[in-house]
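Shown next: start_6.txt, containing compact mmCIF, C-alpha atoms.
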# COMPACT_ATOMS: atom_id res chain seq x y z
CA GLN V 737 -112.27 88.93 -13.78
CA GLN V 738 -114.89 91.51 -12.95
CA GLN V 739 -114.58 91.26 -9.18
CA VAL V 740 -113.30 93.86 -6.80
CA LYS V 741 -112.35 92.42 -3.42
CA GLN V 742 -112.44 94.73 -0.41
CA SER V 743 -111.11 94.23 3.10
CA PRO V 744 -111.64 94.40 5.97
CA GLN V 745 -115.40 94.01 6.27
CA SER V 746 -115.40 96.12 9.43
CA LEU V 747 -112.90 98.36 11.15
CA ILE V 748 -112.75 100.08 14.52
CA VAL V 749 -110.28 102.91 14.96
CA GLN V 750 -109.62 105.34 17.79
CA LYS V 751 -110.11 109.04 17.17
CA GLY V 752 -106.92 110.47 15.67
CA GLY V 753 -105.78 107.13 14.28
CA ILE V 754 -105.28 106.04 10.70
CA SER V 755 -107.99 103.99 8.94
CA ILE V 756 -106.85 101.81 6.06
CA ILE V 757 -109.15 99.97 3.67
CA ASN V 758 -107.79 97.79 0.89
CA CYS V 759 -109.13 96.70 -2.48
CA ALA V 760 -107.85 94.35 -5.16
CA TYR V 761 -109.01 93.91 -8.72
CA GLU V 762 -108.32 91.47 -11.55
CA ASN V 763 -109.33 93.20 -14.76
CA THR V 764 -106.36 95.13 -16.15
CA ALA V 765 -108.74 97.12 -18.38
CA PHE V 766 -110.08 99.02 -15.36
CA ASP V 767 -108.95 102.63 -15.52
CA TYR V 768 -111.02 104.48 -12.94
CA PHE V 769 -111.02 103.73 -9.21
CA PRO V 770 -113.41 105.74 -7.02
CA TRP V 771 -114.18 105.46 -3.33
CA TYR V 772 -117.71 106.09 -2.10
CA GLN V 773 -118.79 106.98 1.43
CA GLN V 774 -122.24 106.07 2.73
CA PHE V 775 -123.84 107.30 5.94
CA PRO V 776 -126.83 105.46 7.44
CA GLY V 777 -130.05 106.30 5.62
CA LYS V 778 -128.23 107.94 2.73
CA GLY V 779 -127.07 106.85 -0.67
CA PRO V 780 -123.33 106.50 -1.37
CA ALA V 781 -121.49 109.68 -2.32
CA LEU V 782 -118.19 110.02 -4.16
CA LEU V 783 -115.35 110.65 -1.73
CA ILE V 784 -112.22 110.54 -3.86
CA ALA V 785 -111.13 108.85 -7.10
CA ILE V 786 -107.90 107.98 -8.92
CA ARG V 787 -106.82 106.95 -12.39
CA PRO V 788 -103.85 104.59 -12.94
CA ASP V 789 -101.51 107.25 -14.31
CA VAL V 790 -100.68 108.32 -10.73
CA SER V 791 -99.72 106.27 -7.68
CA GLU V 792 -101.28 108.50 -5.06
CA LYS V 793 -104.00 111.11 -4.70
CA LYS V 794 -104.65 113.15 -1.60
CA GLU V 795 -107.65 115.27 -0.68
CA GLY V 796 -107.51 116.64 2.83
CA ARG V 797 -107.31 113.72 5.26
CA PHE V 798 -108.18 111.17 2.58
CA THR V 799 -105.52 109.52 0.40
CA ILE V 800 -105.76 106.84 -2.27
CA SER V 801 -102.64 104.75 -2.85
CA PHE V 802 -102.57 102.84 -6.12
CA ASN V 803 -100.29 99.94 -7.06
CA LYS V 804 -100.84 99.09 -10.71
CA SER V 805 -98.47 96.10 -10.82
CA ALA V 806 -100.12 94.48 -7.80
CA LYS V 807 -103.62 95.49 -8.98
CA GLN V 808 -104.38 96.93 -5.58
CA PHE V 809 -105.53 100.26 -4.24
CA SER V 810 -106.25 101.50 -0.77
CA LEU V 811 -107.93 104.33 1.10
CA HIS V 812 -106.13 105.95 4.02
CA ILE V 813 -108.00 108.23 6.39
CA MET V 814 -105.58 110.23 8.48
CA ASP V 815 -106.54 111.67 11.87
CA SER V 816 -109.80 109.69 11.80
CA GLN V 817 -112.79 111.43 13.38
CA PRO V 818 -116.10 110.10 14.74
CA GLY V 819 -117.80 111.90 11.83
CA ASP V 820 -115.92 109.58 9.47
CA SER V 821 -117.92 106.62 10.81
CA ALA V 822 -119.66 105.29 7.72
CA THR V 823 -119.57 102.49 5.18
CA TYR V 824 -116.92 102.82 2.50
CA PHE V 825 -117.03 101.19 -0.92
CA CYS V 826 -114.23 100.93 -3.42
CA ALA V 827 -115.14 100.53 -7.06
CA ALA V 828 -113.55 100.13 -10.47
CA SER V 829 -114.62 100.70 -14.03
CA GLY V 830 -113.30 100.44 -17.54
CA ASN V 831 -114.53 101.61 -20.90
CA THR V 832 -118.09 100.39 -20.32
CA GLY V 833 -118.60 103.02 -17.63
CA LYS V 834 -120.17 100.43 -15.35
CA LEU V 835 -118.87 100.50 -11.80
CA ILE V 836 -117.93 97.24 -10.09
CA PHE V 837 -118.17 97.73 -6.34
CA GLY V 838 -116.32 96.06 -3.52
CA GLN V 839 -118.20 94.45 -0.66
CA GLY V 840 -117.98 97.49 1.62
CA THR V 841 -116.23 98.31 4.90
CA THR V 842 -118.05 99.58 7.95
CA LEU V 843 -115.80 102.02 9.79
CA GLN V 844 -116.40 103.01 13.39
CA VAL V 845 -114.22 105.74 14.87
CA LYS V 846 -114.35 105.73 18.65
CA PRO V 847 -114.10 109.07 20.50
CA ASP D 206 -127.28 121.09 -6.54
CA VAL D 207 -127.30 117.52 -7.80
CA LYS D 208 -130.49 115.67 -6.94
CA VAL D 209 -131.61 112.06 -7.40
CA THR D 210 -134.91 111.23 -5.76
CA GLN D 211 -136.59 107.89 -5.21
CA SER D 212 -140.33 107.56 -4.82
CA SER D 213 -140.35 105.71 -1.51
CA ARG D 214 -137.92 105.30 1.38
CA TYR D 215 -139.66 102.19 2.71
CA LEU D 216 -141.96 99.75 0.97
CA VAL D 217 -143.62 96.55 2.14
CA LYS D 218 -145.13 94.23 -0.45
CA ARG D 219 -146.49 90.70 -0.57
CA THR D 220 -145.06 87.80 -2.54
CA GLY D 221 -146.36 87.82 -6.10
CA GLU D 222 -147.20 91.52 -6.21
CA LYS D 223 -145.96 93.73 -9.05
CA VAL D 224 -143.72 96.45 -7.63
CA PHE D 225 -142.67 99.74 -9.19
CA LEU D 226 -139.69 101.72 -7.91
CA GLU D 227 -139.34 105.18 -9.38
CA CYS D 228 -136.23 107.32 -9.71
CA VAL D 229 -135.98 110.90 -10.95
CA GLN D 230 -132.86 113.00 -11.57
CA ASP D 231 -132.79 116.72 -12.25
CA MET D 232 -129.29 116.97 -13.74
CA ASP D 233 -130.05 116.14 -17.39
CA HIS D 234 -127.82 113.07 -17.06
CA GLU D 235 -127.60 110.56 -19.89
CA ASN D 236 -126.95 107.46 -17.78
CA MET D 237 -129.11 106.00 -15.05
CA PHE D 238 -128.56 102.90 -12.95
CA TRP D 239 -130.39 100.59 -10.57
CA TYR D 240 -128.44 98.71 -7.88
CA ARG D 241 -129.38 96.53 -4.99
CA GLN D 242 -127.36 96.69 -1.78
CA ASP D 243 -127.08 93.69 0.51
CA PRO D 244 -124.79 93.28 3.54
CA GLY D 245 -121.47 91.73 2.63
CA LEU D 246 -122.21 91.88 -1.10
CA GLY D 247 -121.75 95.57 -1.79
CA LEU D 248 -123.73 97.19 -4.57
CA ARG D 249 -124.73 94.99 -7.49
CA LEU D 250 -125.92 96.43 -10.78
CA ILE D 251 -129.37 95.30 -11.88
CA TYR D 252 -129.94 97.38 -15.03
CA PHE D 253 -128.68 100.59 -16.52
CA SER D 254 -129.76 102.94 -19.26
CA TYR D 255 -127.58 105.20 -21.37
CA ASP D 256 -130.39 106.94 -23.22
CA VAL D 257 -134.15 107.23 -23.33
CA LYS D 258 -135.79 103.90 -24.18
CA MET D 259 -132.37 102.19 -24.07
CA LYS D 260 -131.49 99.64 -21.41
CA GLU D 261 -128.75 97.17 -20.68
CA LYS D 262 -128.69 94.25 -18.27
CA GLY D 263 -126.36 94.48 -15.35
CA ASP D 264 -125.00 91.64 -13.27
CA ILE D 265 -128.25 90.48 -11.65
CA PRO D 266 -131.20 91.30 -13.96
CA GLU D 267 -133.24 88.17 -13.30
CA GLY D 268 -136.68 88.95 -11.88
CA TYR D 269 -136.44 92.65 -12.78
CA SER D 270 -137.28 94.88 -15.71
CA VAL D 271 -136.86 98.61 -16.28
CA SER D 272 -138.46 101.45 -18.16
CA ARG D 273 -137.07 104.78 -19.28
CA GLU D 274 -139.64 106.77 -21.21
CA LYS D 275 -138.22 110.18 -20.27
CA LYS D 276 -134.62 111.21 -19.75
CA GLU D 277 -135.09 112.17 -16.13
CA ARG D 278 -137.04 109.10 -14.99
CA PHE D 279 -135.90 105.49 -14.63
CA SER D 280 -138.23 102.87 -13.21
CA LEU D 281 -137.42 99.46 -11.79
CA ILE D 282 -140.16 96.84 -11.99
CA LEU D 283 -140.41 93.63 -10.04
CA GLU D 284 -142.89 91.62 -12.11
CA SER D 285 -143.71 89.18 -9.32
CA ALA D 286 -142.02 90.05 -6.06
CA SER D 287 -140.33 87.27 -4.12
CA THR D 288 -138.87 87.20 -0.60
CA ASN D 289 -135.31 87.04 -1.97
CA GLN D 290 -135.86 90.47 -3.49
CA THR D 291 -136.05 92.00 -0.02
CA SER D 292 -133.21 94.51 -0.18
CA MET D 293 -132.11 98.13 -0.37
CA TYR D 294 -132.52 99.49 -3.89
CA LEU D 295 -130.39 102.40 -5.00
CA CYS D 296 -130.79 104.52 -8.11
CA ALA D 297 -127.90 106.53 -9.56
CA SER D 298 -127.25 108.79 -12.52
CA SER D 299 -124.17 110.07 -14.32
CA LEU D 300 -123.49 112.52 -17.09
CA GLY D 301 -121.51 110.04 -19.17
CA GLY D 302 -120.07 106.56 -19.02
CA GLY D 303 -116.98 107.26 -16.94
CA ASP D 304 -118.34 110.10 -14.87
CA THR D 305 -119.24 110.32 -11.20
CA GLN D 306 -122.40 108.50 -10.28
CA TYR D 307 -124.82 110.36 -8.02
CA PHE D 308 -127.04 108.22 -5.83
CA GLY D 309 -130.51 108.62 -4.45
CA PRO D 310 -131.27 107.87 -0.79
CA GLY D 311 -132.47 104.34 -1.51
CA THR D 312 -135.70 102.39 -1.10
CA ARG D 313 -135.77 99.64 1.49
CA LEU D 314 -138.11 97.00 0.09
CA THR D 315 -139.47 94.19 2.23
CA VAL D 316 -141.32 91.35 0.52
CA LEU D 317 -143.41 89.25 2.88
Give the structure from this file in structure tokens form.
Amino acid sequence: QQQVKQSPQSLIVQKGGISIINCAYENTAFDYFPWYQQFPGKGPALLIAIRPDVSEKKEGRFTISFNKSAKQFSLHIMDSQPGDSATYFCAASGNTGKLIFGQGTTLQVKP
Amino acid sequence: DVKVTQSSRYLVKRTGEKVFLECVQDMDHENMFWYRQDPGLGLRLIYFSYDVKMKEKGDIPEGYSVSREKKERFSLILESASTNQTSMYLCASSLGGGDTQYFGPGTRLTVL
């Protein structure tokens, strides 16, 4: 019930393309869904986050789509750039404040 | 600017040694966390602390202990290091329970 499943494990996209990473959760008590971005040699950093009262949140080229009934959420990176190459983690939390992370997706954007 | 620092970027220890990993945050955050990161497994919570001298077990606490004597400092202790504790260890802090977690750069620990 506490798991967050993330796919794909790795993704290769051409520059200018759309990168899509998907996550699914089981615990309906989760009410906060952040995405973290991690560059090599660095710790993860918050990229964008959503709460279940909205179905979509957009910040620049990054969009979270949220489907409460399906218990799924996804990250879309529009016009992907080589500088977006990183590992991305979805996460979820409820009233405990503890984050449950997905397994991570390594994104490579080819020039 | 938000800052979480970890005492070492790389550490090599021998099996059976006692290992201390230190984490310091300068944001006056209440909550601090220790995770380990392994390929294909994501980040898994080892322990967290929501106040000085308070600690809670995370999902994988076995073989680890923690100490938080001061608000800004959270230490992870491996009482007797084993090879299966070779991993990347990440410290994080947050203002409150549901707030953004800020991560340090990580310590890559190798146990031989």
With a distance cut-off of 12 Å and all atoms listed in the file, select the neighbouring residues of Thr799 in chain V, excluding the residue or stretch itself and same-chain residues fewer than 5 positions from it, and output the selection as a list of chain:residue names.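 My reading of the contact set: V:Ile754, V:Ser755, V:Ile756, V:Ile757, V:Asn758, V:Pro770, V:Trp771, V:Leu783, V:Ile784, V:Ala785, V:Ile786, V:Ser791, V:Glu792, V:Lys793, V:Lys794, V:Phe809, V:Ser810, V:Leu811, V:His812, V:Ile813, V:Met814, V:Asp815.
Using all atoms listed in the file, the nearest neighbour of chain V within the list D:Leu317, D:Ile265, D:Gly247, D:Ser254 is D:Gly247.
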Rank V:Gln738, V:Lys834, V:Lys778, V:Arg787 by their smallest atom-to-atom distance to Lys804 in chain V, using all atoms listed in the file, and report the top residue only.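 That would be V:Arg787, the residue with the smallest distance to Lys804 in chain V.
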May I have the residues of chain V within 6 Å of chain D, counting all atoms listed in the file, written as number ranges by chain? V: 778-779, 833, 837-840
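By chain and then residue number, the residues within 12 Å of Gly752 in chain V are V:Ile748, V:Arg797, V:Ile813, V:Met814, V:Asp815, V:Ser816, V:Gln817, V:Pro818, V:Gly819, V:Asp820, V:Val845, V:Lys846, V:Pro847, counting all atoms listed in the file and disregarding those fewer than 4 positions away in sequence.
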Would you compute the distance between CA of Ser821 in chain V and CA of Thr842 in chain V? Give it in Å to one decimal. 7.6 Å
Using all atoms listed in the file for the distances, tell me which of V:Ala827, V:Leu843, V:Ala781, V:Ala806 is nearest to Thr764 in chain V.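 Between V:Ala827, V:Leu843, V:Ala781, V:Ala806, the residue approaching Thr764 in chain V most closely is V:Ala806.
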Report the distance between CA of Pro788 in chain V and CA of Ala828 in chain V in Å, rounded to one decimal place. 11.0 Å
As lines of an AutoDock Vina configuration file, please: the centre and edge lengths in Å, to one decimal, of an axis-aligned box enclosing every listed atom of range 273-281 of chain D with 8 Å added on each side.
center_x = -137.1
center_y = 105.8
center_z = -16.5
size_x = 21.0
size_y = 28.7
size_z = 25.4
Please compute the CA of Ser280 in chain D-CA of Gly268 in chain D distance, one decimal, in Å. 14.1 Å
Ranking D:Ser285, D:Gln230, D:Thr291, D:Thr315 by minimum distance to Tyr269 in chain D and counting all atoms listed in the file, which one comes first?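 When distances to Tyr269 in chain D are compared using all atoms listed in the file, the smallest one comes from D:Ser285.
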So, with only C-alpha atoms as the atoms that count, which of D:Lys275, D:Lys223, D:Lys258, D:His234 lies closest to Ser287 in chain D? D:Lys223
If you count all atoms listed in the file, which residues fall within 7 Å of Val217 in chain D, apart from same-chain ones fewer than 2 positions away, as a PyMOL selection string? chain D and resi 215+314-316
For Thr210 in chain D, which residue among D:Glu222, D:Glu261, D:Arg241, D:Glu227 is the nearest when counting only C-alpha atoms?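 Looking at the shortest contact to Thr210 in chain D, the residue is D:Glu227.
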Is it possible to get the residues within 7 Å of (-134.8, 93.7, -11.5) (coordinates as in the file, counting all atoms listed in the file) written as a PDB file with C-alpha atoms, in the frame of the given file?
ATOM      1  CA  ILE D 251    -129.370  95.300 -11.880  1.00  0.00           C
ATOM      2  CA  PRO D 266    -131.200  91.300 -13.960  1.00  0.00           C
ATOM      3  CA  GLU D 267    -133.240  88.170 -13.300  1.00  0.00           C
ATOM      4  CA  GLY D 268    -136.680  88.950 -11.880  1.00  0.00           C
ATOM      5  CA  TYR D 269    -136.440  92.650 -12.780  1.00  0.00           C
ATOM      6  CA  SER D 270    -137.280  94.880 -15.710  1.00  0.00           C
ATOM      7  CA  LEU D 281    -137.420  99.460 -11.790  1.00  0.00           C
ATOM      8  CA  ILE D 282    -140.160  96.840 -11.990  1.00  0.00           C
ATOM      9  CA  LEU D 283    -140.410  93.630 -10.040  1.00  0.00           C
TER      10      LEU D 283
END
